[in-house]
Amino acid sequence: MQKFSNRQREGGRTIALVPTMGYLHKGHLSLMVEGRKRADILIISIFVNPTQFGKGEDYQEYPRDLTRDKKLAREAGVDIIFAPKTSLMYPPDYQTWVEVREVTRNLCGASRPGHFQGVTTVVAKLFNIIKPHIALFGEKDFQQLVTIKRMAADLNFDIKILGMPTVRENDGLAMSSRNTYLSPRERESALSLSRSLRRARELVSSGERNTTRVIEEIKGIIGKEKLINIDYIKICDTDNLKELKKIDRKAVMALAAKLGQTRLIDNCILKP
Ligand code: AMP
């Protein structure tokens, strides 16, 4: 992979990278379409990264279908799929970790200890292996995007990090490989997540600035759904992810919830 990328760079060609865990959907494809426009060579990685899953999480069950992914990637104009074996990414003597501190403390970082360390470590490795000029990430995983931007700046990666809007199903559900876990009844309940985010935006555009009041109303909407257990609902500064008392600047409303064993996340931007 490194030799291939070196040859492209020596030939003056630019490289775009879309890192994924596979089981591709339209959210992933939107990143590829943008990547295709922004560089000469489009590379995606497909790697279900064990180090970003905690104990008891869904590493084993995570959906995988490389044959289907290859077809979708080809249709999206992908030049190379980098799909390494786990034992090559993490040989037995592996012992190096990348940790971004402040922005990983809150939100999913609090519920999933070690998760972001796994993410930043594997993304740093992918950057060094694939040597892209630009890498694209979804705003669906807002904290991940902020964390990768921080890492790239702090560790002087000469790579542009581009965030892309969340792609949703027609009924509002944010696309996710994990949606395949949902039963029809759970999926119906899950719609309350995106519905509540829309309500939060309405409240803010009609003048509400108090985060507690917005969060209480959202909790009320999601709380009606018996199948949902809320993990967190928070309104944070979009840059440092610290919680806000007032929506007096660009903010992100981020939430995580469990439906049975399935953990879903979603977010939206709130602007005063
Ligand atoms: P994953 O395969 O879930 O690790 O996601 C790979 C990339 O696709 C990440 O940058 C995600 O943020 C992004 N992504 C996942 N779901 C969506 C979505 N619904 N809309 C836009 N981007 C997404």
# chains A, B, ... in the order shown; residues from 1 in each chain; ligands from 1
>>> residues_around(residues="Arg105 (chain A)", least_positions_apart="6", cutoff="12 Å", atoms="only C-alpha atoms", output="VMD selection string")
chain A and resid 99 111 to 117 143 to 144 147 240 to 243
>>> residues_near_ligand(ligand="ligand 1", cutoff="8 Å", atoms="only C-alpha atoms and all ligand atoms", output="PDB file with N, CA and C atoms, in the first residue's frame")
ATOM      1  N   VAL A  18     -11.144   7.445   2.453  1.00  0.00           N
ATOM      2  CA  VAL A  18     -12.355   7.321   3.274  1.00  0.00           C
ATOM      3  C   VAL A  18     -12.191   6.077   4.152  1.00  0.00           C
ATOM      4  N   PRO A  19     -11.881   6.255   5.438  1.00  0.00           N
ATOM      5  CA  PRO A  19     -11.775   5.089   6.319  1.00  0.00           C
ATOM      6  C   PRO A  19     -13.162   4.595   6.726  1.00  0.00           C
ATOM      7  N   THR A  20     -13.381   3.277   6.653  1.00  0.00           N
ATOM      8  CA  THR A  20     -14.673   2.706   7.060  1.00  0.00           C
ATOM      9  C   THR A  20     -14.451   1.370   7.759  1.00  0.00           C
ATOM     10  N   MET A  21     -15.536   0.905   8.377  1.00  0.00           N
ATOM     11  CA  MET A  21     -15.539  -0.459   8.911  1.00  0.00           C
ATOM     12  C   MET A  21     -16.375  -1.372   8.007  1.00  0.00           C
ATOM     13  N   GLY A  22     -16.675  -0.887   6.803  1.00  0.00           N
ATOM     14  CA  GLY A  22     -17.379  -1.735   5.842  1.00  0.00           C
ATOM     15  C   GLY A  22     -18.872  -1.816   6.086  1.00  0.00           C
ATOM     16  N   TYR A  23     -19.491  -2.792   5.416  1.00  0.00           N
ATOM     17  CA  TYR A  23     -20.946  -2.914   5.377  1.00  0.00           C
ATOM     18  C   TYR A  23     -21.525  -1.576   4.902  1.00  0.00           C
ATOM     19  N   LEU A  24     -21.071  -1.190   3.713  1.00  0.00           N
ATOM     20  CA  LEU A  24     -21.266   0.169   3.211  1.00  0.00           C
ATOM     21  C   LEU A  24     -22.734   0.527   2.996  1.00  0.00           C
ATOM     22  N   HIS A  25     -23.050   1.779   3.286  1.00  0.00           N
ATOM     23  CA  HIS A  25     -24.394   2.324   3.043  1.00  0.00           C
ATOM     24  C   HIS A  25     -24.230   3.707   2.414  1.00  0.00           C
ATOM     25  N   LYS A  26     -25.363   4.372   2.202  1.00  0.00           N
ATOM     26  CA  LYS A  26     -25.315   5.646   1.473  1.00  0.00           C
ATOM     27  C   LYS A  26     -24.533   6.736   2.201  1.00  0.00           C
ATOM     28  N   GLY A  27     -24.430   6.625   3.528  1.00  0.00           N
ATOM     29  CA  GLY A  27     -23.598   7.573   4.275  1.00  0.00           C
ATOM     30  C   GLY A  27     -22.145   7.453   3.840  1.00  0.00           C
ATOM     31  N   HIS A  28     -21.646   6.200   3.816  1.00  0.00           N
ATOM     32  CA  HIS A  28     -20.272   5.970   3.340  1.00  0.00           C
ATOM     33  C   HIS A  28     -20.123   6.453   1.890  1.00  0.00           C
ATOM     34  N   SER A  30     -21.624   8.738   0.255  1.00  0.00           N
ATOM     35  CA  SER A  30     -21.554  10.200   0.082  1.00  0.00           C
ATOM     36  C   SER A  30     -20.118  10.700   0.317  1.00  0.00           C
ATOM     37  N   LEU A  31     -19.407  10.063   1.243  1.00  0.00           N
ATOM     38  CA  LEU A  31     -18.004  10.445   1.474  1.00  0.00           C
ATOM     39  C   LEU A  31     -17.155  10.079   0.251  1.00  0.00           C
ATOM     40  N   ILE A  46     -11.359  -0.693   4.591  1.00  0.00           N
ATOM     41  CA  ILE A  46     -12.414  -1.458   5.251  1.00  0.00           C
ATOM     42  C   ILE A  46     -11.721  -2.293   6.312  1.00  0.00           C
ATOM     43  N   VAL A  48     -12.627  -3.599  10.378  1.00  0.00           N
ATOM     44  CA  VAL A  48     -13.357  -3.586  11.648  1.00  0.00           C
ATOM     45  C   VAL A  48     -12.287  -3.632  12.733  1.00  0.00           C
ATOM     46  N   LEU A 136     -11.783  11.901   4.482  1.00  0.00           N
ATOM     47  CA  LEU A 136     -13.169  12.343   4.703  1.00  0.00           C
ATOM     48  C   LEU A 136     -13.833  11.529   5.801  1.00  0.00           C
ATOM     49  N   PHE A 137     -14.546  12.236   6.683  1.00  0.00           N
ATOM     50  CA  PHE A 137     -15.233  11.617   7.817  1.00  0.00           C
ATOM     51  C   PHE A 137     -16.643  12.190   7.915  1.00  0.00           C
ATOM     52  N   GLY A 138     -17.572  11.396   8.486  1.00  0.00           N
ATOM     53  CA  GLY A 138     -18.954  11.835   8.603  1.00  0.00           C
ATOM     54  C   GLY A 138     -19.217  12.608   9.889  1.00  0.00           C
ATOM     55  N   GLU A 139     -20.069  13.616   9.783  1.00  0.00           N
ATOM     56  CA  GLU A 139     -20.502  14.357  10.988  1.00  0.00           C
ATOM     57  C   GLU A 139     -21.426  13.515  11.855  1.00  0.00           C
ATOM     58  N   LYS A 140     -21.928  12.416  11.300  1.00  0.00           N
ATOM     59  CA  LYS A 140     -22.728  11.476  12.089  1.00  0.00           C
ATOM     60  C   LYS A 140     -21.977  11.091  13.372  1.00  0.00           C
ATOM     61  N   ASP A 141     -20.659  10.870  13.234  1.00  0.00           N
ATOM     62  CA  ASP A 141     -19.798  10.575  14.385  1.00  0.00           C
ATOM     63  C   ASP A 141     -19.063  11.867  14.741  1.00  0.00           C
ATOM     64  N   PHE A 142     -19.807  12.788  15.329  1.00  0.00           N
ATOM     65  CA  PHE A 142     -19.308  14.158  15.476  1.00  0.00           C
ATOM     66  C   PHE A 142     -18.057  14.209  16.356  1.00  0.00           C
ATOM     67  N   GLN A 144     -15.953  11.872  16.922  1.00  0.00           N
ATOM     68  CA  GLN A 144     -14.842  11.254  16.188  1.00  0.00           C
ATOM     69  C   GLN A 144     -14.209  12.271  15.241  1.00  0.00           C
ATOM     70  N   LEU A 145     -15.050  13.024  14.529  1.00  0.00           N
ATOM     71  CA  LEU A 145     -14.541  14.025  13.592  1.00  0.00           C
ATOM     72  C   LEU A 145     -13.710  15.088  14.321  1.00  0.00           C
ATOM     73  N   GLY A 163     -15.109  17.099   7.003  1.00  0.00           N
ATOM     74  CA  GLY A 163     -16.335  16.539   7.594  1.00  0.00           C
ATOM     75  C   GLY A 163     -17.485  16.650   6.609  1.00  0.00           C
ATOM     76  N   MET A 164     -18.315  15.624   6.570  1.00  0.00           N
ATOM     77  CA  MET A 164     -19.439  15.598   5.615  1.00  0.00           C
ATOM     78  C   MET A 164     -20.762  15.387   6.362  1.00  0.00           C
ATOM     79  N   PRO A 165     -21.845  16.001   5.841  1.00  0.00           N
ATOM     80  CA  PRO A 165     -23.141  15.926   6.536  1.00  0.00           C
ATOM     81  C   PRO A 165     -23.672  14.502   6.682  1.00  0.00           C
ATOM     82  N   THR A 166     -24.495  14.305   7.701  1.00  0.00           N
ATOM     83  CA  THR A 166     -25.102  13.000   7.969  1.00  0.00           C
ATOM     84  C   THR A 166     -26.142  12.664   6.907  1.00  0.00           C
ATOM     85  N   VAL A 167     -26.042  11.470   6.357  1.00  0.00           N
ATOM     86  CA  VAL A 167     -27.039  10.991   5.395  1.00  0.00           C
ATOM     87  C   VAL A 167     -28.086  10.186   6.160  1.00  0.00           C
ATOM     88  N   ARG A 168     -29.358  10.475   5.860  1.00  0.00           N
ATOM     89  CA  ARG A 168     -30.466   9.854   6.595  1.00  0.00           C
ATOM     90  C   ARG A 168     -31.370   9.038   5.676  1.00  0.00           C
ATOM     91  N   ALA A 174     -30.734   8.217  10.969  1.00  0.00           N
ATOM     92  CA  ALA A 174     -29.370   8.373  10.459  1.00  0.00           C
ATOM     93  C   ALA A 174     -28.863   7.013   9.993  1.00  0.00           C
ATOM     94  N   MET A 175     -28.280   6.973   8.794  1.00  0.00           N
ATOM     95  CA  MET A 175     -27.797   5.684   8.287  1.00  0.00           C
ATOM     96  C   MET A 175     -26.635   5.189   9.124  1.00  0.00           C
ATOM     97  N   SER A 176     -26.634   3.891   9.376  1.00  0.00           N
ATOM     98  CA  SER A 176     -25.571   3.271  10.177  1.00  0.00           C
ATOM     99  C   SER A 176     -25.546   1.786   9.864  1.00  0.00           C
ATOM    100  N   SER A 177     -24.355   1.217   9.819  1.00  0.00           N
ATOM    101  CA  SER A 177     -24.254  -0.232   9.611  1.00  0.00           C
ATOM    102  C   SER A 177     -25.000  -0.965  10.725  1.00  0.00           C
TER     103      SER A 177
END
>>> residues_around(residues="region 41-44 of chain A", least_positions_apart="3", cutoff="6 Å", atoms="only C-alpha atoms", output="MDAnalysis selection string")
chainID A and resid 15:19 36 78:81
>>> select_by_dssp(residues="region 138-195 of chain A", states="alpha helix (DSSP H)", output="ChimeraX atom specification")
/A:142-154,184-195
>>> write_last_selection(atoms="N, CA and C atoms", output="CSV table (one decimal), in the first residue's frame")
chain,number,residue,atom,x,y,z
A,142,PHE,N,-19.8,12.8,15.3
A,142,PHE,CA,-19.3,14.2,15.5
A,142,PHE,C,-18.1,14.2,16.4
A,143,GLN,N,-18.1,13.5,17.5
A,143,GLN,CA,-17.0,13.5,18.4
A,143,GLN,C,-15.7,12.9,17.7
A,144,GLN,N,-16.0,11.9,16.9
A,144,GLN,CA,-14.8,11.3,16.2
A,144,GLN,C,-14.2,12.3,15.2
A,145,LEU,N,-15.0,13.0,14.5
A,145,LEU,CA,-14.5,14.0,13.6
A,145,LEU,C,-13.7,15.1,14.3
A,146,VAL,N,-14.2,15.6,15.4
A,146,VAL,CA,-13.5,16.6,16.2
A,146,VAL,C,-12.2,16.0,16.7
A,147,THR,N,-12.2,14.8,17.1
A,147,THR,CA,-11.0,14.1,17.7
A,147,THR,C,-10.0,13.9,16.6
A,148,ILE,N,-10.4,13.5,15.4
A,148,ILE,CA,-9.4,13.3,14.3
A,148,ILE,C,-8.8,14.6,13.9
A,149,LYS,N,-9.7,15.6,13.8
A,149,LYS,CA,-9.1,17.0,13.5
A,149,LYS,C,-8.0,17.4,14.5
A,150,ARG,N,-8.3,17.2,15.8
A,150,ARG,CA,-7.4,17.5,16.9
A,150,ARG,C,-6.1,16.7,16.7
A,151,MET,N,-6.2,15.4,16.4
A,151,MET,CA,-5.0,14.6,16.3
A,151,MET,C,-4.2,15.1,15.1
A,152,ALA,N,-4.9,15.3,14.0
A,152,ALA,CA,-4.1,15.7,12.8
A,152,ALA,C,-3.4,17.0,13.0
A,153,ALA,N,-4.0,18.0,13.7
A,153,ALA,CA,-3.4,19.2,14.0
A,153,ALA,C,-2.2,19.0,15.0
A,154,ASP,N,-2.5,18.3,16.1
A,154,ASP,CA,-1.5,18.1,17.1
A,154,ASP,C,-0.3,17.3,16.7
A,184,PRO,N,-38.1,-4.5,13.6
A,184,PRO,CA,-39.0,-3.5,13.1
A,184,PRO,C,-39.6,-2.6,14.2
A,185,ARG,N,-39.9,-3.1,15.3
A,185,ARG,CA,-40.4,-2.3,16.4
A,185,ARG,C,-39.4,-1.3,17.0
A,186,GLU,N,-38.1,-1.8,17.1
A,186,GLU,CA,-37.0,-1.0,17.6
A,186,GLU,C,-36.8,0.1,16.6
A,187,ARG,N,-36.8,-0.2,15.3
A,187,ARG,CA,-36.5,0.8,14.2
A,187,ARG,C,-37.6,1.9,14.3
A,188,GLU,N,-38.8,1.5,14.5
A,188,GLU,CA,-39.9,2.5,14.6
A,188,GLU,C,-39.6,3.5,15.8
A,189,SER,N,-39.2,2.9,17.0
A,189,SER,CA,-38.9,3.7,18.1
A,189,SER,C,-37.7,4.6,17.9
A,190,ALA,N,-36.7,4.1,17.1
A,190,ALA,CA,-35.5,4.8,16.9
A,190,ALA,C,-35.8,6.1,16.1
A,191,LEU,N,-36.9,6.2,15.4
A,191,LEU,CA,-37.2,7.4,14.7
A,191,LEU,C,-37.4,8.6,15.7
A,192,SER,N,-37.7,8.3,16.9
A,192,SER,CA,-37.8,9.4,17.9
A,192,SER,C,-36.5,10.2,18.1
A,193,LEU,N,-35.4,9.5,17.8
A,193,LEU,CA,-34.1,10.2,18.0
A,193,LEU,C,-34.0,11.4,17.0
A,194,SER,N,-34.1,11.1,15.7
A,194,SER,CA,-34.0,12.2,14.7
A,194,SER,C,-35.2,13.2,14.9
A,195,ARG,N,-36.3,12.7,15.3
A,195,ARG,CA,-37.5,13.6,15.5
A,195,ARG,C,-37.2,14.5,16.6
>>> select_by_dssp(residues="region 32-272 of chain A", states="strand (DSSP E or B)", output="number ranges by chain")
A: 41-46, 80-82, 134-138, 160-164, 168, 174, 210, 228-237, 243, 246, 251-259, 262-270
>>> residues_around(residues="Met1 (chain A)", least_positions_apart="2", cutoff="8 Å", atoms="only C-alpha atoms", output="mmCIF file with N, CA and C atoms, in the first residue's frame")
data_model
loop_
_atom_site.group_PDB
_atom_site.id
_atom_site.type_symbol
_atom_site.label_atom_id
_atom_site.label_comp_id
_atom_site.auth_asym_id
_atom_site.auth_seq_id
_atom_site.Cartn_x
_atom_site.Cartn_y
_atom_site.Cartn_z
ATOM 1 N N LYS A 3 3.956 1.540 -1.035
ATOM 2 C CA LYS A 3 4.650 1.665 -2.334
ATOM 3 C C LYS A 3 3.703 2.243 -3.382
ATOM 4 N N PHE A 4 2.479 1.745 -3.406
ATOM 5 C CA PHE A 4 1.486 2.254 -4.359
ATOM 6 C C PHE A 4 1.308 3.761 -4.151
ATOM 7 N N SER A 5 1.110 4.160 -2.891
ATOM 8 C CA SER A 5 0.855 5.585 -2.604
ATOM 9 C C SER A 5 2.070 6.441 -2.944
ATOM 10 N N PHE A 82 -8.426 -0.848 0.688
ATOM 11 C CA PHE A 82 -7.394 -1.365 1.585
ATOM 12 C C PHE A 82 -8.099 -2.086 2.729
ATOM 13 N N ILE A 129 0.025 4.590 6.388
ATOM 14 C CA ILE A 129 0.085 3.510 5.390
ATOM 15 C C ILE A 129 -0.378 4.021 4.026
ATOM 16 N N ILE A 130 -1.451 4.805 4.021
ATOM 17 C CA ILE A 130 -2.102 5.185 2.754
ATOM 18 C C ILE A 130 -1.623 6.554 2.252
#
>>> atom_distance(atom1="CA of Arg7 (chain A)", atom2="CA of His133 (chain A)")
13.8 Å
>>> atom_distance(atom1="CA of Met89 (chain A)", atom2="CA of Arg13 (chain A)")
26.0 Å
>>> atom_distance(atom1="CA of Val33 (chain A)", atom2="CA of Glu169 (chain A)")
17.8 Å
